[in-house]
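To start, the structure itself, in structure tokens.
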Amino acid sequence: MDMFPTRISFDQARTIIERVAQAHRMPVERIALARAHGHILAREVIAGIAQPPFDNSAMDGFALRHADLGGEAGITLQLVGEQFAGPTLELGVGAGQCVRITTGAPLPAGADTVVMKENTRLEGDRVVILAAPKPGQHVRRAGEDSRAGERVLEAGDTLTPARIALASSQGLAELEVARRPTVAVFTTGDELVEPGLPLEPGQIYNSNREQLMGLLRADGLEPVAWPTLPDDPAQVESALRHAGNAFDVVLTCGAVSAGEKDHIPALLQAQGDVHFWKVRMKPGMPVLFASGGSLGDALFLCLPGNPVSVLATYLALGRPLLDRMQGRAAPRPQWHARLAAPWNKVHERLEFLRGRLRSCADGSLEVEPNPADGSHRMRAAADSDALIVLGEGAREYPAGAVVDVLPY
Ligand SMILES: Nc1nc2c(c(=O)[nH]1)N[C@H]1C(S)=C(S)[C@@H](COP(=O)(O)OP(=O)(O)OC[C@H]3O[C@@H](n4cnc5c(N)ncnc54)[C@H](O)[C@@H]3O)O[C@H]1N2
Ligand code: MOO
């Protein structure tokens, strides 16, 4: 008797993934800023200093007192010094005076406005203002971007280059992030041969390994690929036990359905704690998710062997698992688009159909479904750039129907 959820909806599967991931949050580690790209921030960042830290110039030109111009062009000011970006020279600007200044240089005391160089004419030590700036123009005020004490990054933020730059501007050399989960990748099946080797009758090339490795690397992980497992229960158990004790997550593909050589479900039912097996999704229905139990502390996400099933189950289930284990707050982009062609969905399962996205002149998005919808049709997946999400239930979708899409 099944003692675990089976043939569940996709939403139920996502809920279980979320719950288990929450219970398997990665420990926090402090890492160098330079290594933190793409990691998930584990603690908020409070600004220690204001940004900008001091009033400074936004242009190369002359710092002046706006009141001296009287709103007019043609005024001439006395040049009394130079302040470049760098150490503050403690210069002052008195009535009728100006100081040569460069972009980013601290504003001298007394000055409140900068006129850009192009709007001036230098005559010896006198500067003629050809076009009067507005009051305060080209001055970047201390604290206008953020004030000391403000929260500038949140726990759960993905460290994009812009956020790394923000942390850098606060002088932080290290950040506290969620440790990246270690991931072992297994392919299974006696029919598999590695690219580069000759193909015997009945054999096929292993395409899932590099697909999974690529998906994981694109998500910032450093997966480890194991040699392909033969369809032998003792060897499958031994390898998965080894990985289950050494990695945070074990991803397998193949041997998870109903065939005589599909050894993974029996193994995880006997040794592990199965969270679900079989989800009402297409492709990817036989996907299995388990805790390792006596196979180790790893979480096991066992994807079906068909290459398009690997793509869909990784994006729809594997990626959310890894994201939530790291505490990632923002969901991955899910967009709306109009179907460029009608689609007759004849089955009941939720479908991740492959399609190509294009941006239309009216500002909308359109997605062209690829008619080759078999889960072995890798060419259709390669020709596409998005999964089209069609909800449970048979339905005829007219062209123009708005659907959810998951770009990849
Ligand atoms: N009687 C049933 N048969 C099948 C069912 C079912 O419910 N009852 N489900 C079907 C569905 S849906 C899928 S998806 C597949 C999943 O099967 P497995 O996960 O057990 O995967 P395999 O049988 O090992 O392989 C399926 C298919 O994929 C090819 N494959 C496997 N690994 C790779 C790889 N690394 N690179 C390229 N291709 C790979 C393999 O040769 C098979 O053609 O089961 C259906 N059957
Ligand atoms: O669920 Mo399977 O991936 O449709 O062929």
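Just so we're on the same page: first chain in the structure tokens is A, next is B, and so on; residues restart at 1 for each chain, and ligands are numbered from 1 in the order they show up.
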
Give one line per residue of chain A that approaches ligand 2 to at most 6 Å, naming the two atoms of the closest pair and their distance in Å to one decimal, counting only C-alpha atoms and all ligand atoms; sort by chain then ascending residue number and deliver it as JSON lines.
{"residue": "A:Lys282", "atom": "CA", "partner": "ligand 2", "partner_atom_place_in_ligand_line": "4 (O)", "distance": 4.6}
{"residue": "A:Pro283", "atom": "CA", "partner": "ligand 2", "partner_atom_place_in_ligand_line": "3 (O)", "distance": 3.4}
{"residue": "A:Gly284", "atom": "CA", "partner": "ligand 2", "partner_atom_place_in_ligand_line": "1 (O)", "distance": 3.5}
{"residue": "A:Met285", "atom": "CA", "partner": "ligand 2", "partner_atom_place_in_ligand_line": "1 (O)", "distance": 3.7}
{"residue": "A:Pro286", "atom": "CA", "partner": "ligand 2", "partner_atom_place_in_ligand_line": "1 (O)", "distance": 5.9}
{"residue": "A:Asn306", "atom": "CA", "partner": "ligand 2", "partner_atom_place_in_ligand_line": "3 (O)", "distance": 5.8}
{"residue": "A:Ser309", "atom": "CA", "partner": "ligand 2", "partner_atom_place_in_ligand_line": "3 (O)", "distance": 4.2}
{"residue": "A:Ser375", "atom": "CA", "partner": "ligand 2", "partner_atom_place_in_ligand_line": "5 (O)", "distance": 4.6}

Output N, CA and C atoms for every residue in the selection just made, as a PDB file, in the first residue's frame.
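So the final result, stored in result12.pdb, reads:
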ATOM      1  N   LYS A 282       2.472  16.953 -17.300  1.00  0.00           N
ATOM      2  CA  LYS A 282       2.945  16.371 -18.557  1.00  0.00           C
ATOM      3  C   LYS A 282       3.857  17.371 -19.234  1.00  0.00           C
ATOM      4  N   PRO A 283       5.088  17.032 -19.513  1.00  0.00           N
ATOM      5  CA  PRO A 283       5.705  15.757 -19.177  1.00  0.00           C
ATOM      6  C   PRO A 283       6.133  15.732 -17.712  1.00  0.00           C
ATOM      7  N   GLY A 284       6.624  14.574 -17.282  1.00  0.00           N
ATOM      8  CA  GLY A 284       7.219  14.487 -15.958  1.00  0.00           C
ATOM      9  C   GLY A 284       6.415  13.738 -14.929  1.00  0.00           C
ATOM     10  N   MET A 285       5.332  13.109 -15.356  1.00  0.00           N
ATOM     11  CA  MET A 285       4.410  12.486 -14.413  1.00  0.00           C
ATOM     12  C   MET A 285       5.079  11.575 -13.369  1.00  0.00           C
ATOM     13  N   PRO A 286       6.051  10.709 -13.737  1.00  0.00           N
ATOM     14  CA  PRO A 286       6.560   9.773 -12.721  1.00  0.00           C
ATOM     15  C   PRO A 286       7.539  10.365 -11.705  1.00  0.00           C
ATOM     16  N   ASN A 306      12.856  10.723 -19.818  1.00  0.00           N
ATOM     17  CA  ASN A 306      12.687  11.411 -21.104  1.00  0.00           C
ATOM     18  C   ASN A 306      13.284  12.812 -21.027  1.00  0.00           C
ATOM     19  N   SER A 309      11.100  15.704 -20.203  1.00  0.00           N
ATOM     20  CA  SER A 309      10.598  15.585 -18.826  1.00  0.00           C
ATOM     21  C   SER A 309      11.642  16.119 -17.855  1.00  0.00           C
ATOM     22  N   SER A 375       7.520  13.784 -24.999  1.00  0.00           N
ATOM     23  CA  SER A 375       8.566  14.107 -24.013  1.00  0.00           C
ATOM     24  C   SER A 375       9.939  13.611 -24.439  1.00  0.00           C
TER      25      SER A 375
END

Could you give me, as a PyMOL selection string, every polymer residue with an atom at most 6 Å away from an atom of ligand 1, counting only C-alpha atoms and all ligand atoms?
chain A and resi 187-189+206-209+254-258+262+284-285+304-307+309

Could you pull out the residues in segment 21-238 of chain A that DSSP calls strand (DSSP E) from the backbone, as a PyMOL selection string?
chain A and resi 28-32+45-46+56-57+61-64+76-83+97-101+113-116+120-123+126-129+139-140+151-153+174-178+183-187+192-193+204-205+224-225

Nearest residue to Ala50 of chain A out of A:Asp145, A:Glu210, A:Glu191, A:Glu18, using only C-alpha atoms?
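Smallest distance to Ala50 of chain A is found for A:Asp145.
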
So that I can see what lies close to Glu366 of chain A, please list as a count of residues only the residues with an atom at most 7 Å from it, counting only C-alpha atoms and leaving out residues fewer than 6 positions away in the same chain.
8

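With only C-alpha atoms as the atoms that count, the residue of A:Ala380, A:Gly143, A:Thr6, A:Gly196 with the shortest distance to Pro265 of chain A is A:Thr6.
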
Can you pull out every residue within 9 Å of Glu150 of chain A, counting only C-alpha atoms, but drop anything in the same chain fewer than 2 positions away, and send it as an NGL selection string?
:A and (45-48 or 50 or 146-148 or 152)
